[in-house]
>>> print(open('input_9.cif').read())   # mmCIF, C-alpha atoms and all ligand atoms
data_query
loop_
_atom_site.label_atom_id
_atom_site.label_comp_id
_atom_site.auth_asym_id
_atom_site.auth_seq_id
_atom_site.Cartn_x
_atom_site.Cartn_y
_atom_site.Cartn_z
CA MET A 1065 -42.52 31.64 -55.03
CA ARG A 1066 -42.88 34.89 -53.09
CA GLN A 1067 -42.48 35.32 -49.34
CA LEU A 1068 -43.06 38.50 -47.34
CA GLN A 1069 -41.86 38.67 -43.73
CA GLU A 1070 -41.04 41.25 -41.10
CA VAL A 1071 -37.34 40.89 -40.30
CA PHE A 1072 -37.20 43.81 -37.85
CA PRO A 1073 -40.02 46.03 -36.56
CA ASN A 1074 -41.29 48.01 -39.59
CA LEU A 1075 -38.73 46.43 -41.90
CA TRP A 1076 -40.01 43.76 -44.27
CA ALA A 1077 -38.23 41.48 -46.71
CA LEU A 1078 -39.90 40.22 -49.87
CA ASP A 1079 -38.11 37.16 -51.21
CA VAL A 1080 -38.85 35.84 -54.66
CA SER A 1081 -37.45 32.65 -56.04
CA ALA A 1082 -37.55 31.07 -59.44
CA PRO A 1083 -35.46 28.16 -60.73
CA GLY A 1084 -31.82 29.17 -60.52
CA MET A 1085 -32.41 32.58 -58.93
CA GLN A 1086 -33.47 34.23 -55.69
CA ALA A 1087 -33.76 37.93 -54.95
CA ARG A 1088 -34.91 40.05 -52.05
CA ALA A 1089 -36.53 43.48 -51.82
CA ALA A 1090 -36.76 45.38 -48.55
CA ILE A 1091 -39.60 47.60 -47.42
CA VAL A 1092 -38.86 50.27 -44.83
CA LEU A 1093 -41.90 51.75 -43.10
CA GLY A 1094 -41.40 55.21 -41.59
CA GLU A 1095 -44.10 57.15 -39.76
CA LYS A 1096 -44.77 59.34 -42.80
CA GLN A 1097 -43.27 57.60 -45.80
CA ALA A 1098 -42.05 54.21 -46.89
CA VAL A 1099 -39.26 53.00 -49.15
CA VAL A 1100 -39.35 50.00 -51.43
CA TRP A 1101 -35.71 49.00 -51.86
CA ASP A 1102 -35.62 47.28 -55.28
CA THR A 1103 -38.60 46.09 -57.33
CA LEU A 1104 -37.28 42.64 -58.26
CA THR A 1105 -37.89 40.76 -61.48
CA ARG A 1106 -41.42 41.53 -62.67
CA PRO A 1107 -44.44 43.74 -61.94
CA GLY A 1108 -46.30 40.87 -60.27
CA ASP A 1109 -43.60 40.75 -57.59
CA MET A 1110 -44.85 44.06 -56.19
CA ALA A 1111 -48.51 43.02 -55.72
CA ALA A 1112 -47.68 41.52 -52.31
CA LEU A 1113 -46.74 45.00 -51.06
CA GLU A 1114 -50.11 46.71 -51.58
CA SER A 1115 -51.54 45.66 -48.21
CA LEU A 1116 -48.32 46.58 -46.45
CA LEU A 1117 -48.03 50.06 -47.96
CA ARG A 1118 -51.79 50.78 -47.94
CA ASP A 1119 -52.10 54.51 -48.66
CA ARG A 1120 -48.69 55.46 -47.30
CA PRO A 1121 -46.61 57.54 -49.76
CA PHE A 1122 -43.51 55.61 -50.81
CA HIS A 1123 -40.26 56.01 -52.67
CA VAL A 1124 -38.67 53.35 -54.84
CA VAL A 1125 -34.90 53.02 -54.48
CA TYR A 1126 -32.82 50.93 -56.88
CA SER A 1127 -29.75 49.35 -55.26
CA HIS A 1128 -28.30 49.24 -58.81
CA GLY A 1129 -29.51 48.72 -62.36
CA ASP A 1130 -29.31 44.95 -62.80
CA TRP A 1131 -32.53 43.43 -64.13
CA ASP A 1132 -33.47 41.44 -61.04
CA HIS A 1133 -33.63 44.66 -58.99
CA ILE A 1134 -35.61 47.02 -61.23
CA TRP A 1135 -38.09 45.21 -63.47
CA GLY A 1136 -41.09 45.22 -61.11
CA THR A 1137 -41.68 48.98 -60.89
CA ALA A 1138 -44.72 48.96 -63.21
CA GLY A 1139 -46.50 46.71 -60.73
CA PHE A 1140 -47.65 49.38 -58.27
CA SER A 1141 -51.29 50.49 -58.46
CA ARG A 1142 -50.24 54.09 -57.70
CA PRO A 1143 -47.01 55.89 -58.57
CA PRO A 1144 -44.13 56.22 -56.10
CA LEU A 1145 -43.17 59.71 -54.85
CA ASN A 1146 -39.80 59.31 -56.51
CA ILE A 1147 -37.62 56.64 -58.02
CA ILE A 1148 -34.13 57.12 -56.64
CA ALA A 1149 -30.82 55.64 -57.75
CA HIS A 1150 -27.18 56.42 -58.38
CA ALA A 1151 -26.37 58.64 -61.39
CA ASP A 1152 -24.58 55.69 -63.07
CA CYS A 1153 -27.76 53.65 -62.74
CA LEU A 1154 -29.71 56.42 -64.51
CA ARG A 1155 -27.11 56.40 -67.30
CA ARG A 1156 -27.54 52.63 -67.73
CA PHE A 1157 -31.18 53.18 -68.70
CA ASP A 1158 -29.80 54.54 -72.00
CA ASP A 1159 -27.36 51.69 -72.34
CA ASP A 1160 -27.35 48.08 -71.13
CA ILE A 1161 -30.68 48.08 -69.25
CA PRO A 1162 -33.00 48.24 -72.32
CA GLN A 1163 -30.63 45.89 -74.16
CA THR A 1164 -30.92 43.27 -71.43
CA LEU A 1165 -34.72 43.52 -71.48
CA LEU A 1166 -34.86 43.17 -75.24
CA ARG A 1167 -32.51 40.19 -75.12
CA LYS A 1168 -34.63 38.44 -72.49
CA GLN A 1169 -37.86 39.23 -74.36
CA LEU A 1170 -36.43 37.70 -77.53
CA ALA A 1171 -35.05 34.68 -75.72
CA GLU A 1172 -38.31 33.93 -73.85
CA LEU A 1173 -41.17 35.16 -76.03
CA GLY A 1174 -44.14 36.48 -74.07
CA ARG A 1175 -42.57 35.97 -70.65
CA TRP A 1176 -41.39 39.54 -70.03
CA ASP A 1177 -43.95 41.58 -71.98
CA ASP A 1178 -45.40 43.17 -68.82
CA VAL A 1179 -42.05 44.67 -67.80
CA ALA A 1180 -41.94 48.45 -68.35
CA LEU A 1181 -38.65 50.12 -67.55
CA ALA A 1182 -38.91 53.00 -65.06
CA PRO A 1183 -35.74 55.09 -64.83
CA PRO A 1184 -34.95 57.06 -61.67
CA ASP A 1185 -36.23 60.64 -61.52
CA VAL A 1186 -33.87 61.47 -58.66
CA SER A 1187 -30.21 60.51 -58.89
CA PHE A 1188 -27.13 61.25 -56.80
CA THR A 1189 -23.41 60.62 -56.97
CA SER A 1190 -22.15 60.28 -53.41
CA ARG A 1191 -24.95 60.21 -50.84
CA LEU A 1192 -28.56 61.17 -50.29
CA SER A 1193 -30.64 61.16 -47.12
CA LEU A 1194 -34.38 60.44 -46.86
CA ASP A 1195 -36.43 61.45 -43.81
CA LEU A 1196 -39.21 58.88 -43.62
CA GLY A 1197 -40.68 60.18 -40.38
CA GLY A 1198 -39.02 58.91 -37.19
CA LEU A 1199 -36.23 57.31 -39.14
CA THR A 1200 -33.70 58.09 -41.82
CA LEU A 1201 -32.55 56.12 -44.82
CA GLU A 1202 -29.11 57.28 -45.92
CA LEU A 1203 -28.09 56.16 -49.38
CA HIS A 1204 -24.34 55.77 -49.93
CA HIS A 1205 -22.53 55.01 -53.18
CA LEU A 1206 -20.59 51.75 -52.86
CA PRO A 1207 -19.20 50.74 -56.26
CA GLY A 1208 -17.95 47.16 -56.42
CA HIS A 1209 -20.31 44.55 -57.79
CA SER A 1210 -21.09 47.23 -60.38
CA PRO A 1211 -20.16 50.93 -60.56
CA ASP A 1212 -23.72 52.08 -59.77
CA CYS A 1213 -24.20 50.08 -56.54
CA ILE A 1214 -25.41 51.80 -53.40
CA VAL A 1215 -26.13 50.70 -49.86
CA GLY A 1216 -28.82 52.02 -47.51
CA TRP A 1217 -28.09 52.80 -43.86
CA ILE A 1218 -30.77 53.27 -41.23
CA PRO A 1219 -28.90 54.74 -38.24
CA GLU A 1220 -31.88 54.62 -35.86
CA TRP A 1221 -32.09 50.84 -36.32
CA GLY A 1222 -28.46 49.91 -37.07
CA VAL A 1223 -29.59 48.25 -40.29
CA LEU A 1224 -27.62 48.16 -43.54
CA LEU A 1225 -29.41 47.36 -46.80
CA GLY A 1226 -26.61 45.94 -48.89
CA GLY A 1227 -28.00 45.34 -52.38
CA ASP A 1228 -25.41 43.26 -54.22
CA ALA A 1229 -22.48 44.85 -52.36
CA ILE A 1230 -22.87 41.98 -49.90
CA GLU A 1231 -23.95 38.48 -50.84
CA THR A 1232 -23.77 34.89 -49.66
CA PRO A 1233 -22.42 32.38 -50.45
CA LEU A 1234 -20.24 34.78 -52.46
CA PRO A 1235 -20.44 38.07 -54.34
CA VAL A 1236 -20.52 38.55 -58.11
CA PHE A 1237 -17.61 40.46 -59.68
CA ASN A 1238 -17.77 42.48 -62.87
CA ARG A 1239 -14.62 44.63 -62.69
CA PHE A 1240 -11.22 43.97 -61.16
CA ASP A 1241 -10.37 47.65 -60.67
CA LEU A 1242 -13.23 48.12 -58.18
CA LEU A 1243 -12.34 45.24 -55.85
CA SER A 1244 -9.98 46.84 -53.35
CA ASP A 1245 -12.13 49.96 -52.83
CA TRP A 1246 -15.15 47.68 -52.49
CA LEU A 1247 -13.39 45.74 -49.73
CA ALA A 1248 -12.24 48.92 -47.96
CA ALA A 1249 -15.79 50.33 -48.03
CA LEU A 1250 -17.26 47.13 -46.55
CA GLU A 1251 -14.61 47.07 -43.81
CA ALA A 1252 -15.51 50.65 -42.96
CA TRP A 1253 -19.20 49.69 -42.71
CA ARG A 1254 -18.37 46.76 -40.43
CA ASP A 1255 -16.72 49.22 -38.02
CA VAL A 1256 -19.70 51.58 -37.88
CA ASP A 1257 -21.06 51.99 -34.34
CA GLY A 1258 -24.42 50.39 -33.79
CA LEU A 1259 -24.50 48.19 -36.89
CA ARG A 1260 -26.44 45.06 -36.05
CA LEU A 1261 -28.15 43.76 -39.16
CA ALA A 1262 -27.03 43.59 -42.80
CA ILE A 1263 -29.57 42.56 -45.42
CA PRO A 1264 -28.31 41.51 -48.85
CA SER A 1265 -30.40 41.22 -52.00
CA HIS A 1266 -29.25 37.62 -52.38
CA GLY A 1267 -28.35 35.30 -49.52
CA SER A 1268 -28.37 35.24 -45.76
CA ALA A 1269 -30.17 38.03 -43.88
CA ARG A 1270 -29.03 36.72 -40.48
CA GLY A 1271 -27.09 39.24 -38.39
CA LEU A 1272 -23.96 40.45 -40.15
CA GLU A 1273 -23.31 37.14 -41.92
CA SER A 1274 -23.45 38.48 -45.48
CA LEU A 1275 -21.21 41.46 -44.68
CA GLU A 1276 -18.60 39.34 -42.87
CA SER A 1277 -18.66 36.67 -45.53
CA THR A 1278 -18.26 39.12 -48.43
CA ILE A 1279 -15.35 40.82 -46.65
CA ALA A 1280 -13.67 37.42 -46.09
CA TYR A 1281 -14.18 36.42 -49.75
CA LEU A 1282 -12.79 39.72 -51.08
CA ARG A 1283 -9.82 39.55 -48.70
CA ALA A 1284 -9.02 36.00 -49.83
CA ILE A 1285 -9.32 36.90 -53.51
CA LEU A 1286 -6.96 39.85 -52.97
CA GLY A 1287 -4.45 37.57 -51.19
CA ARG A 1288 -5.06 38.95 -47.70
CA GLY A 1289 -6.79 36.06 -45.99
CA LYS A 1290 -8.51 32.72 -46.25
CA PHE A 1291 -12.03 31.87 -47.33
CA ASP A 1292 -13.46 28.38 -47.22
CA LEU A 1293 -15.95 27.92 -50.01
CA PRO A 1294 -19.11 26.37 -48.63
CA PRO A 1295 -19.60 22.75 -49.67
CA ASN A 1296 -22.30 22.05 -52.25
CA LEU A 1297 -22.19 25.38 -54.04
CA ASP A 1298 -25.02 25.44 -56.56
CA GLU A 1299 -24.36 25.74 -60.27
CA PHE A 1300 -24.80 29.53 -60.33
CA TYR A 1301 -22.31 30.22 -57.54
CA GLU A 1302 -19.90 27.56 -58.76
CA SER A 1303 -19.68 29.29 -62.14
CA THR A 1304 -19.73 32.76 -60.53
CA HIS A 1305 -16.70 31.81 -58.43
CA GLN A 1306 -14.85 30.64 -61.55
CA ALA A 1307 -15.81 33.83 -63.38
CA ASN A 1308 -14.63 35.92 -60.40
CA LEU A 1309 -11.26 34.14 -60.48
CA ASN A 1310 -10.99 34.81 -64.21
CA ILE A 1311 -11.72 38.51 -63.72
CA VAL A 1312 -9.00 38.70 -61.07
CA ALA A 1313 -6.48 36.81 -63.22
CA ALA A 1314 -7.16 39.03 -66.25
CA GLY A 1315 -7.04 42.16 -64.08
CA ARG A 1316 -3.70 41.20 -62.54
CA GLU A 1317 -2.23 40.47 -65.97
CA SER A 1318 -3.22 43.84 -67.36
CA HIS A 1319 -1.77 45.59 -64.30
CA ASP A 1320 1.60 43.77 -64.56
ZN ZN B 1401 -28.65 40.97 -58.08
#
>>> encode(input="input_9.cif", output="C-alpha cells")
Amino acid sequence: MRQLQEVFPNLWALDVSAPGMQARAAIVLGEKQAVVWDTLTRPGDMAALESLLRDRPFHVVYSHGDWDHIWGTAGFSRPPLNIIAHADCLRRFDDDIPQTLLRKQLAELGRWDDVALAPPDVSFTSRLSLDLGGLTLELHHLPGHSPDCIVGWIPEWGVLLGGDAIETPLPVFNRFDLLSDWLAALEAWRDVDGLRLAIPSHGSARGLESLESTIAYLRAILGRGKFDLPPNLDEFYESTHQANLNIVAAGRESHD
C-alpha cells in the first residue's frame, strides 16, 4: 500500500507498507527545486511522485544506505539533478549494499529484479546545504542507527527530517559505540530554536513525538532515565528491542 499526503505546506510524505514493514519518504518542494528524501524499497514506489514533481528539477537524498531507503531510485522517468548522501553511504555501495540486494534477489526470485542500485554522485562528511528556492535543506551527519545516517533540517519551516535517527515505537541499534553521541546529537536538535515537526522514516510523524521518544529510549538504555515500552509491540519491534539490549550488553562487556 502506498499513501501520499501533504504533512506541511509543500512538504509531502509518501508512506509505503508491506507485511512486516513500513517506510516513509519525504518530498520537499522549494520554489526552484525539490528534494526526494529517500527512495524507499522499489522503483514502483516513486511513480506516485511524478504528478507532484511535474517538471521541477529535483535532488535525491539518501538518509543512509539501508535497502528500504535507496532501492527505488531507478523509478523516476527523468534523472535527478544529484543523488546526495554521506561519504560512508557512498562507501557502502562497494560493500554491504550490493550484497544485501543479491541476498534478497536470491531469497525471493524475481521479486527484486527491477531494483538498480544508484550510488550518490555528491557526498559529504559533516554537513551540506541545499538552496531549493525560498527554503534551505541543511544536511547534517548524525551517526547512530548506522555510521552513515544524516538528518535534514529546514530552518524556514522548523522541520527535521530524521531518517532512522528517530523512530517510533523504538529505534534500531547496530553499534554500541555510537549510542551516547547519538543521544547527545538528538538532545541538541531538541533544543534548536523553532523546531516544531520531526518526521522519521518509520513511525509517528506527529509533532516531535519520534524525537522525544527516541531520546527517552536511548536515555533509558544508557541508564539515565525510564522508558515504558508501548503495549502490544509487533514482532519486528519486539525482536528489535531484544537485539538492542544484546548489543548494549555485549558493548558493556567489551568496555569493562
Ligand atoms: Zn529504515
>>> residues_near_ligand(input="input_9.cif", ligand="ligand ZN 1401 (chain B)", cutoff="7 Å", atoms="all atoms listed in the file", output="ChimeraX atom specification")
/A:1087,1130,1132-1133,1228,1265-1266
>>> closest_residue(input="input_9.cif", among="A:Leu1116, A:Val1124, A:Ile1161, A:Ala1098", to="A:Pro1143", atoms="only C-alpha atoms")
A:Val1124
>>> residues_near_point(input="input_9.cif", point="(-42.4, 36.4, -67.5)", cutoff="12 Å", atoms="only C-alpha atoms", output="MDAnalysis selection string")
chainID A and resid 1082 1105:1109 1135:1136 1165 1168:1179
>>> closest_residue(input="input_9.cif", among="A:Val1099, A:Ala1090, A:Val1256, A:Val1186", to="A:Ala1149", atoms="only C-alpha atoms")
A:Val1186
>>> closest_residue(input="input_9.cif", among="A:Leu1093, A:Ala1248, A:Leu1243, A:Ala1182", to="A:Arg1316", atoms="all atoms listed in the file")
A:Leu1243
>>> closest_atom_pairs(input="input_9.cif", of="stretch 1202-1292 of chain A", to="stretch 1083-1086 of chain A", cutoff="12 Å", atoms="all atoms listed in the file", output="CSV")
residue,atom,partner,partner_atom,distance
A:Glu1231,CA,A:Gln1086,CA,11.5
A:Thr1232,CA,A:Gln1086,CA,11.4
A:Pro1264,CA,A:Gln1086,CA,11.2
A:Ser1265,CA,A:Gln1086,CA,8.5
A:His1266,CA,A:Gln1086,CA,6.3
A:Gly1267,CA,A:Gln1086,CA,8.1
A:Ser1268,CA,A:Gln1086,CA,11.2
>>> closest_residue(input="input_9.cif", among="A:Glu1251, A:Glu1220, A:Asp1298, A:Asp1257", to="A:Ala1280", atoms="only C-alpha atoms")
A:Glu1251
>>> axis_aligned_box(input="input_9.cif", around="stretch 1150-1166 of chain A", padding_each_side="6 Å", output="JSON")
{"center_x": -29.7, "center_y": 50.9, "center_z": -66.8, "size_x": 22.3, "size_y": 27.5, "size_z": 28.9}
>>> residues_around(input="input_9.cif", residues="A:Leu1075", least_positions_apart="5", cutoff="12 Å", atoms="only C-alpha atoms", output="VMD selection string")
chain A and resid 1068 to 1070 1089 to 1094 1098 to 1101 1116 to 1117 1199 1201 1218 1221 to 1225 1261 1263
>>> atom_distance(input="input_9.cif", atom1="atom CA of A:Leu1206", atom2="atom CA of A:Leu1166")
27.9 Å
>>> build_atoms(input="input_9.cif", residues="stretch 1089-1114 of chain A", atoms="N, CA and C atoms", output="compact mmCIF listing (two decimals), in the coordinates of the input")
# COMPACT_ATOMS: atom_id res chain seq x y z
N ALA A 1089 -36.29 42.05 -51.97
CA ALA A 1089 -36.53 43.48 -51.82
C ALA A 1089 -36.73 43.76 -50.34
N ALA A 1090 -36.51 45.00 -49.94
CA ALA A 1090 -36.76 45.38 -48.55
C ALA A 1090 -37.74 46.54 -48.53
N ILE A 1091 -38.61 46.53 -47.54
CA ILE A 1091 -39.60 47.60 -47.42
C ILE A 1091 -39.42 48.24 -46.05
N VAL A 1092 -39.13 49.53 -46.05
CA VAL A 1092 -38.86 50.27 -44.83
C VAL A 1092 -40.07 51.17 -44.56
N LEU A 1093 -40.69 50.98 -43.41
CA LEU A 1093 -41.90 51.75 -43.10
C LEU A 1093 -41.60 52.83 -42.07
N GLY A 1094 -41.54 54.09 -42.51
CA GLY A 1094 -41.40 55.21 -41.59
C GLY A 1094 -42.78 55.68 -41.14
N GLU A 1095 -42.80 56.65 -40.24
CA GLU A 1095 -44.10 57.15 -39.76
C GLU A 1095 -44.85 57.90 -40.86
N LYS A 1096 -44.10 58.54 -41.76
CA LYS A 1096 -44.77 59.34 -42.80
C LYS A 1096 -44.65 58.74 -44.19
N GLN A 1097 -43.53 58.12 -44.46
CA GLN A 1097 -43.27 57.60 -45.80
C GLN A 1097 -42.63 56.22 -45.69
N ALA A 1098 -42.70 55.52 -46.82
CA ALA A 1098 -42.05 54.21 -46.89
C ALA A 1098 -41.05 54.21 -48.04
N VAL A 1099 -40.17 53.22 -48.02
CA VAL A 1099 -39.26 53.00 -49.15
C VAL A 1099 -39.36 51.54 -49.57
N VAL A 1100 -39.48 51.34 -50.85
CA VAL A 1100 -39.35 50.00 -51.43
C VAL A 1100 -37.97 49.94 -52.05
N TRP A 1101 -37.12 49.12 -51.45
CA TRP A 1101 -35.71 49.00 -51.86
C TRP A 1101 -35.64 47.87 -52.88
N ASP A 1102 -35.64 48.20 -54.15
CA ASP A 1102 -35.62 47.28 -55.28
C ASP A 1102 -37.02 46.73 -55.61
N THR A 1103 -37.27 46.56 -56.91
CA THR A 1103 -38.60 46.09 -57.33
C THR A 1103 -38.54 44.71 -58.00
N LEU A 1104 -37.40 44.05 -57.88
CA LEU A 1104 -37.28 42.64 -58.26
C LEU A 1104 -37.51 42.40 -59.76
N THR A 1105 -38.04 41.24 -60.10
CA THR A 1105 -37.89 40.76 -61.48
C THR A 1105 -39.08 41.04 -62.39
N ARG A 1106 -40.25 41.31 -61.81
CA ARG A 1106 -41.42 41.53 -62.67
C ARG A 1106 -42.50 42.27 -61.90
N PRO A 1107 -43.41 42.96 -62.62
CA PRO A 1107 -44.44 43.74 -61.94
C PRO A 1107 -45.24 42.94 -60.91
N GLY A 1108 -45.53 41.70 -61.20
CA GLY A 1108 -46.30 40.87 -60.27
C GLY A 1108 -45.63 40.70 -58.92
N ASP A 1109 -44.31 40.88 -58.87
CA ASP A 1109 -43.60 40.75 -57.59
C ASP A 1109 -44.04 41.81 -56.59
N MET A 1110 -44.52 42.95 -57.08
CA MET A 1110 -44.85 44.06 -56.19
C MET A 1110 -46.27 43.99 -55.61
N ALA A 1111 -47.10 43.09 -56.17
CA ALA A 1111 -48.51 43.02 -55.72
C ALA A 1111 -48.59 42.72 -54.22
N ALA A 1112 -47.66 41.91 -53.73
CA ALA A 1112 -47.68 41.52 -52.31
C ALA A 1112 -47.50 42.72 -51.38
N LEU A 1113 -47.05 43.85 -51.92
CA LEU A 1113 -46.74 45.00 -51.06
C LEU A 1113 -47.92 45.94 -50.85
N GLU A 1114 -48.98 45.77 -51.65
CA GLU A 1114 -50.11 46.71 -51.58
C GLU A 1114 -50.69 46.79 -50.17
